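Okay, structure-v8.cif is below, mmCIF, C-alpha atoms, pLDDT in the B column; chains and numbers go by the auth columns:
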```cif
data_input
#
loop_
_atom_site.group_PDB
_atom_site.id
_atom_site.type_symbol
_atom_site.label_atom_id
_atom_site.label_comp_id
_atom_site.label_asym_id
_atom_site.label_seq_id
_atom_site.Cartn_x
_atom_site.Cartn_y
_atom_site.Cartn_z
_atom_site.B_iso_or_equiv
_atom_site.auth_seq_id
_atom_site.auth_asym_id
ATOM 1 C CA MET A 1 -15.467 31.539 3.229 52.00 192 G
ATOM 2 C CA GLY A 2 -13.109 29.549 0.964 66.00 193 G
ATOM 3 C CA ALA A 3 -12.993 25.829 0.349 76.00 194 G
ATOM 4 C CA MET A 4 -12.239 23.705 3.396 83.00 195 G
ATOM 5 C CA THR A 5 -9.239 21.400 3.135 90.00 196 G
ATOM 6 C CA ILE A 6 -9.211 18.244 5.232 92.00 197 G
ATOM 7 C CA VAL A 7 -6.100 16.072 5.410 92.00 198 G
ATOM 8 C CA TYR A 8 -6.761 12.460 6.393 93.00 199 G
ATOM 9 C CA PHE A 9 -3.893 10.515 7.936 93.00 200 G
ATOM 10 C CA ASN A 10 -4.270 6.751 7.713 92.00 201 G
ATOM 11 C CA ASP A 11 -2.421 4.073 9.660 90.00 202 G
ATOM 12 C CA ARG A 12 -3.030 0.781 11.403 88.00 203 G
ATOM 13 C CA THR A 13 -5.526 0.750 14.254 89.00 204 G
ATOM 14 C CA SER A 14 -2.691 0.222 16.744 90.00 205 G
ATOM 15 C CA ASN A 15 -1.055 3.544 15.794 87.00 206 G
ATOM 16 C CA ASP A 16 -1.123 6.366 18.341 87.00 207 G
ATOM 17 C CA PHE A 17 -2.291 9.357 16.292 91.00 208 G
ATOM 18 C CA ASN A 18 -1.741 11.681 19.289 93.00 209 G
ATOM 19 C CA THR A 19 1.986 11.930 18.531 92.00 210 G
ATOM 20 C CA LEU A 20 1.288 12.815 14.893 90.00 211 G
ATOM 21 C CA PHE A 21 -1.243 15.492 15.787 93.00 212 G
ATOM 22 C CA ALA A 22 1.105 16.979 18.410 94.00 213 G
ATOM 23 C CA LEU A 23 3.705 17.504 15.666 94.00 214 G
ATOM 24 C CA LEU A 24 1.369 19.357 13.280 94.00 215 G
ATOM 25 C CA PRO A 25 1.748 23.146 13.232 93.00 216 G
ATOM 26 C CA PHE A 26 -0.857 24.866 15.394 89.00 217 G
ATOM 27 C CA GLU A 27 -1.439 27.618 12.820 91.00 218 G
ATOM 28 C CA ARG A 28 -2.236 25.484 9.769 91.00 219 G
ATOM 29 C CA GLN A 29 -4.565 26.178 6.860 90.00 220 G
ATOM 30 C CA TYR A 30 -6.249 22.761 6.925 92.00 221 G
ATOM 31 C CA HIS A 31 -8.143 20.401 9.206 93.00 222 G
ATOM 32 C CA ALA A 32 -6.565 17.067 10.147 94.00 223 G
ATOM 33 C CA ALA A 33 -8.189 13.733 10.947 94.00 224 G
ATOM 34 C CA GLY A 34 -6.853 10.272 11.725 94.00 225 G
ATOM 35 C CA VAL A 35 -8.430 7.306 9.947 94.00 226 G
ATOM 36 C CA PRO A 36 -7.364 3.997 11.492 94.00 227 G
ATOM 37 C CA GLY A 37 -7.525 0.856 9.370 94.00 228 G
ATOM 38 C CA SER A 38 -5.865 -0.937 6.492 93.00 229 G
ATOM 39 C CA PHE A 39 -5.117 1.207 3.439 92.00 230 G
ATOM 40 C CA HIS A 40 -5.786 -1.907 1.361 94.00 231 G
ATOM 41 C CA ASP A 41 -9.486 -1.361 2.111 95.00 232 G
ATOM 42 C CA ARG A 42 -11.773 1.612 1.527 95.00 233 G
ATOM 43 C CA GLN A 43 -11.500 3.942 4.515 95.00 234 G
ATOM 44 C CA LEU A 44 -13.523 6.977 3.416 95.00 235 G
ATOM 45 C CA PRO A 45 -16.977 7.571 1.916 95.00 236 G
ATOM 46 C CA MET A 46 -17.515 6.913 -1.782 95.00 237 G
ATOM 47 C CA ALA A 47 -16.476 9.813 -4.036 93.00 238 G
ATOM 48 C CA SER A 48 -15.308 11.948 -1.118 92.00 239 G
ATOM 49 C CA LEU A 49 -11.691 12.711 -2.101 90.00 240 G
ATOM 50 C CA HIS A 50 -10.483 15.259 -4.614 89.00 241 G
ATOM 51 C CA LEU A 51 -6.834 14.271 -4.283 88.00 242 G
ATOM 52 C CA ALA A 52 -5.183 11.196 -2.796 88.00 243 G
ATOM 53 C CA TYR A 53 -1.466 11.049 -2.093 87.00 244 G
ATOM 54 C CA SER A 54 0.323 8.046 -0.737 85.00 245 G
ATOM 55 C CA SER A 55 3.988 7.351 -0.132 78.00 246 G
ATOM 56 C CA CYS A 56 5.893 4.482 1.411 76.00 247 G
ATOM 57 C CA THR A 57 2.882 2.191 1.567 80.00 248 G
ATOM 58 C CA LEU A 58 2.735 -0.356 -1.203 80.00 249 G
ATOM 59 C CA HIS A 59 5.661 -2.400 0.070 81.00 250 G
ATOM 60 C CA TRP A 60 3.553 -3.300 3.150 86.00 251 G
ATOM 61 C CA LEU A 61 1.538 -6.416 2.451 91.00 252 G
ATOM 62 C CA SER A 62 -1.867 -7.017 4.007 93.00 253 G
ATOM 63 C CA GLU A 63 -0.674 -10.410 5.252 93.00 254 G
ATOM 64 C CA VAL A 64 2.112 -12.943 4.986 93.00 255 G
ATOM 65 C CA PRO A 65 1.179 -15.367 2.199 95.00 256 G
ATOM 66 C CA LYS A 66 -0.323 -18.466 3.805 95.00 257 G
ATOM 67 C CA GLU A 67 1.724 -20.868 1.697 95.00 258 G
ATOM 68 C CA VAL A 68 4.955 -19.308 2.998 94.00 259 G
ATOM 69 C CA MET A 69 4.004 -20.317 6.552 94.00 260 G
ATOM 70 C CA ASP A 70 2.698 -23.803 5.642 95.00 261 G
ATOM 71 C CA HIS A 71 5.448 -26.401 6.165 94.00 262 G
ATOM 72 C CA LEU A 72 3.708 -28.709 3.656 97.00 263 G
ATOM 73 C CA SER A 73 3.793 -26.098 0.880 96.00 264 G
ATOM 74 C CA PRO A 74 6.590 -25.887 -1.735 96.00 265 G
ATOM 75 C CA ALA A 75 6.701 -22.174 -0.814 95.00 266 G
ATOM 76 C CA TRP A 76 7.354 -22.890 2.882 94.00 267 G
ATOM 77 C CA ASN A 77 9.941 -20.383 4.077 93.00 268 G
ATOM 78 C CA LYS A 78 11.104 -22.240 7.216 91.00 269 G
ATOM 79 C CA GLY A 79 8.964 -20.017 9.449 88.00 270 G
ATOM 80 C CA ARG A 80 10.528 -16.793 8.158 88.00 271 G
ATOM 81 C CA ILE A 81 8.318 -13.969 6.926 84.00 272 G
ATOM 82 C CA LEU A 82 11.045 -12.365 4.800 83.00 273 G
ATOM 83 C CA TYR A 83 12.142 -13.405 1.327 82.00 274 G
ATOM 84 C CA TYR A 84 15.867 -14.096 1.118 81.00 275 G
ATOM 85 C CA GLY A 85 16.069 -14.820 -2.618 81.00 276 G
ATOM 86 C CA ASP A 86 16.586 -18.538 -2.354 78.00 277 G
ATOM 87 C CA LYS A 87 13.289 -20.124 -3.527 90.00 278 G
ATOM 88 C CA LYS A 88 11.256 -19.242 -6.601 91.00 279 G
ATOM 89 C CA GLU A 89 8.068 -20.521 -4.904 94.00 280 G
ATOM 90 C CA VAL A 90 8.546 -18.100 -1.982 94.00 281 G
ATOM 91 C CA PHE A 91 9.112 -15.219 -4.380 91.00 282 G
ATOM 92 C CA ASN A 92 6.008 -16.157 -6.375 92.00 283 G
ATOM 93 C CA ALA A 93 3.888 -16.333 -3.202 94.00 284 G
ATOM 94 C CA TYR A 94 4.986 -12.822 -2.166 91.00 285 G
ATOM 95 C CA ALA A 95 4.596 -11.480 -5.698 89.00 286 G
ATOM 96 C CA HIS A 96 1.035 -12.814 -5.960 92.00 287 G
ATOM 97 C CA GLN A 97 0.176 -11.354 -2.538 93.00 288 G
ATOM 98 C CA PHE A 98 1.594 -8.017 -3.702 90.00 289 G
ATOM 99 C CA ALA A 99 -0.503 -8.151 -6.890 89.00 290 G
ATOM 100 C CA GLU A 100 -3.685 -8.871 -4.888 93.00 291 G
ATOM 101 C CA ASP A 101 -2.897 -6.093 -2.413 93.00 292 G
ATOM 102 C CA LEU A 102 -2.106 -3.584 -5.165 89.00 293 G
ATOM 103 C CA ASN A 103 -5.418 -4.408 -6.828 90.00 294 G
ATOM 104 C CA SER A 104 -7.297 -3.914 -3.522 93.00 295 G
ATOM 105 C CA PHE A 105 -5.459 -0.647 -2.841 92.00 296 G
ATOM 106 C CA LEU A 106 -6.235 0.806 -6.280 90.00 297 G
ATOM 107 C CA LYS A 107 -9.890 -0.318 -6.187 92.00 298 G
ATOM 108 C CA ALA A 108 -10.345 1.281 -2.753 94.00 299 G
ATOM 109 C CA ARG A 109 -8.835 4.594 -3.858 91.00 300 G
ATOM 110 C CA ALA A 110 -10.898 4.550 -7.069 91.00 301 G
ATOM 111 C CA GLN A 111 -14.056 4.264 -4.948 94.00 302 G
ATOM 112 C CA GLU A 112 -12.985 7.103 -2.621 94.00 303 G
ATOM 113 C CA LEU A 113 -11.993 9.579 -5.344 92.00 304 G
ATOM 114 C CA THR A 114 -14.539 11.822 -7.025 90.00 305 G
ATOM 115 C CA LEU A 115 -14.702 11.673 -10.828 86.00 306 G
ATOM 116 C CA ASN A 116 -11.765 13.123 -12.763 81.00 307 G
ATOM 117 C CA GLN A 117 -9.493 13.235 -9.709 79.00 308 G
ATOM 118 C CA THR A 118 -6.013 11.828 -9.163 78.00 309 G
ATOM 119 C CA LEU A 119 -4.169 9.424 -6.896 80.00 310 G
ATOM 120 C CA ASN A 120 -0.436 10.041 -6.697 78.00 311 G
ATOM 121 C CA GLN A 121 1.514 7.077 -5.350 73.00 312 G
ATOM 122 C CA VAL A 122 5.248 7.068 -4.811 68.00 313 G
ATOM 123 C CA PRO A 123 6.469 3.458 -4.843 59.00 314 G
ATOM 124 C CA VAL A 124 9.483 2.390 -2.857 52.00 315 G
ATOM 125 C CA LYS A 125 10.688 0.064 -5.617 53.00 316 G
ATOM 126 C CA VAL A 126 8.800 -2.277 -7.861 49.00 317 G
ATOM 127 C CA SER A 127 10.953 -4.771 -9.720 48.00 318 G
ATOM 128 C CA VAL A 128 8.905 -7.671 -11.019 48.00 319 G
ATOM 129 C CA ASN A 129 8.436 -9.256 -14.442 48.00 320 G
ATOM 130 C CA LEU A 130 5.578 -11.529 -15.409 45.00 321 G
ATOM 131 C CA ALA A 131 6.981 -14.498 -17.322 50.00 322 G
ATOM 132 C CA ASP A 132 5.205 -16.264 -20.182 48.00 323 G
ATOM 133 C CA ASP A 133 4.171 -19.059 -17.806 49.00 324 G
ATOM 134 C CA GLY A 134 2.456 -16.579 -15.455 46.00 325 G
ATOM 135 C CA ALA A 135 5.174 -16.794 -12.808 48.00 326 G
ATOM 136 C CA PHE A 136 6.741 -13.676 -11.341 46.00 327 G
ATOM 137 C CA SER A 137 10.498 -13.145 -11.488 48.00 328 G
ATOM 138 C CA PRO A 138 12.874 -10.361 -10.434 46.00 329 G
ATOM 139 C CA ALA A 139 13.292 -7.679 -13.100 47.00 330 G
ATOM 140 C CA ASP A 140 16.313 -5.711 -14.226 42.00 331 G
ATOM 141 C CA GLU A 141 14.236 -2.557 -14.639 42.00 332 G
ATOM 142 C CA SER A 142 12.153 -1.034 -11.858 41.00 333 G
ATOM 143 C CA LEU A 143 9.939 1.917 -11.151 37.00 334 G
ATOM 144 C CA THR A 144 11.728 4.644 -9.278 38.00 335 G
ATOM 145 C CA PRO A 145 10.179 7.226 -6.934 38.00 336 G
ATOM 146 C CA THR A 146 10.356 9.731 -9.779 37.00 337 G
ATOM 147 C CA THR A 147 8.290 7.461 -12.031 41.00 338 G
ATOM 148 C CA GLY A 148 5.466 6.799 -9.586 46.00 339 G
ATOM 149 C CA ILE A 149 1.968 5.609 -10.289 47.00 340 G
ATOM 150 C CA GLN A 150 -0.803 7.982 -11.223 49.00 341 G
ATOM 151 C CA LEU A 151 -4.403 6.835 -11.349 48.00 342 G
ATOM 152 C CA THR A 152 -7.073 9.176 -12.679 50.00 343 G
ATOM 153 C CA VAL A 153 -10.656 8.212 -11.963 47.00 344 G
#
```

Write the structure described by the file as structure tokens, please.
Amino acid sequence: MGAMTIVYFNDRTSNDFNTLFALLPFERQYHAAGVPGSFHDRQLPMASLHLAYSSCTLHWLSEVPKEVMDHLSPAWNKGRILYYGDKKEVFNAYAHQFAEDLNSFLKARAQELTLNQTLNQVPVKVSVNLADDGAFSPADESLTPTTGIQLTV
């Protein structure tokens, strides 16, 4: 018997995995499992993955930055959860949340991957510069889906 391939699908706990599994081909050469929970956290046992692939995920933040929702904060965004490009403080709050989430995501995948294995991540678009003063600002250059992020553990 050859090596067994298991494909883990991850999504929020509110997702209905039944629809996904109904769309998978019946005659497939792999086993499929749904893993509900935040991809920002470790979802699988330590050193259990030989390959991790992720697409269209990193633009989802784990939470709206608290200072964006606080009407006393300079980053208050008038109750909106989206950034419209009008306040540097709002941008910085989202950029710092993104940096924290990216760090959590990469740490979680590093724990799940076995040694000398690879995570392939296709970013939607990352366009941020870190200024000398530590503040984030929009960048002219960005990563494209063809550039990607590759982490080898």

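Between CA of Gln308 in chain G and CA of Ser253 in chain G the separation is 25.6 Å.
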
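When only C-alpha atoms are used to compute distances to Ser295 in chain G, the closest of the residues G:Ala194, G:Leu214, G:Ser229, G:Arg203 turns out to be G:Ser229.
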
key: Polymer residues at most 12 Å from (2.1, -13.1, 0.2) by all atoms listed in the file, as number ranges by chain   = G: 250-260, 266-268, 272-274, 280-293

Could you tell me which residues the PyMOL selection byres ((chain G and resi 296) around 9) returns for this structure, as a compact mmCIF listing (two decimals) with C-alpha atoms, in the coordinates of the input?
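Full text of result.txt as output:
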```
# COMPACT_ATOMS: atom_id res chain seq x y z
CA PHE G 230 -5.12 1.21 3.44
CA HIS G 231 -5.79 -1.91 1.36
CA ASP G 232 -9.49 -1.36 2.11
CA ARG G 233 -11.77 1.61 1.53
CA LEU G 249 2.74 -0.36 -1.20
CA GLU G 291 -3.68 -8.87 -4.89
CA ASP G 292 -2.90 -6.09 -2.41
CA LEU G 293 -2.11 -3.58 -5.16
CA ASN G 294 -5.42 -4.41 -6.83
CA SER G 295 -7.30 -3.91 -3.52
CA LEU G 297 -6.24 0.81 -6.28
CA LYS G 298 -9.89 -0.32 -6.19
CA ALA G 299 -10.34 1.28 -2.75
CA ARG G 300 -8.84 4.59 -3.86
CA ALA G 301 -10.90 4.55 -7.07
```

request  = For the structure shown, which residues end up in the PyMOL selection byres ((chain G and resi 225) around 12)? Put them as a PyMOL selection string, please?
outcome  = chain G and resi 197-212+222-224+226-228+234-235

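Note that the spacing between CA of Ser239 in chain G and CA of Thr196 in chain G amounts to 12.0 Å.
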
task = Quote the spacing between CA of Ser245 in chain G and CA of Thr309 in chain G in Å to one decimal place.
result = 11.2 Å

query = Expanded to explicit residues, what is the PyMOL selection byres ((chain G and resi 246) around 6) for this file, as a list in words?
reply =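 Here the PyMOL selection byres ((chain G and resi 246) around 6) matches Ser245, Cys247, Thr248, Gln312 and Val313 of chain G.
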
Would you compute an axis-aligned box for range 292-301 of chain G, covering every atom listed for it in the file with 5 Å of margin on each side, and report centre and edge lengths in Å to one decimal as lines of an AutoDock Vina configuration file?
```
center_x = -6.5
center_y = -0.7
center_z = -4.7
size_x = 18.8
size_y = 20.7
size_z = 14.7
```

note = Using all atoms listed in the file, the best pick from G:Pro236, G:Asp261, G:Met195, G:Tyr244 as closest to Gln302 in chain G would be G:Pro236
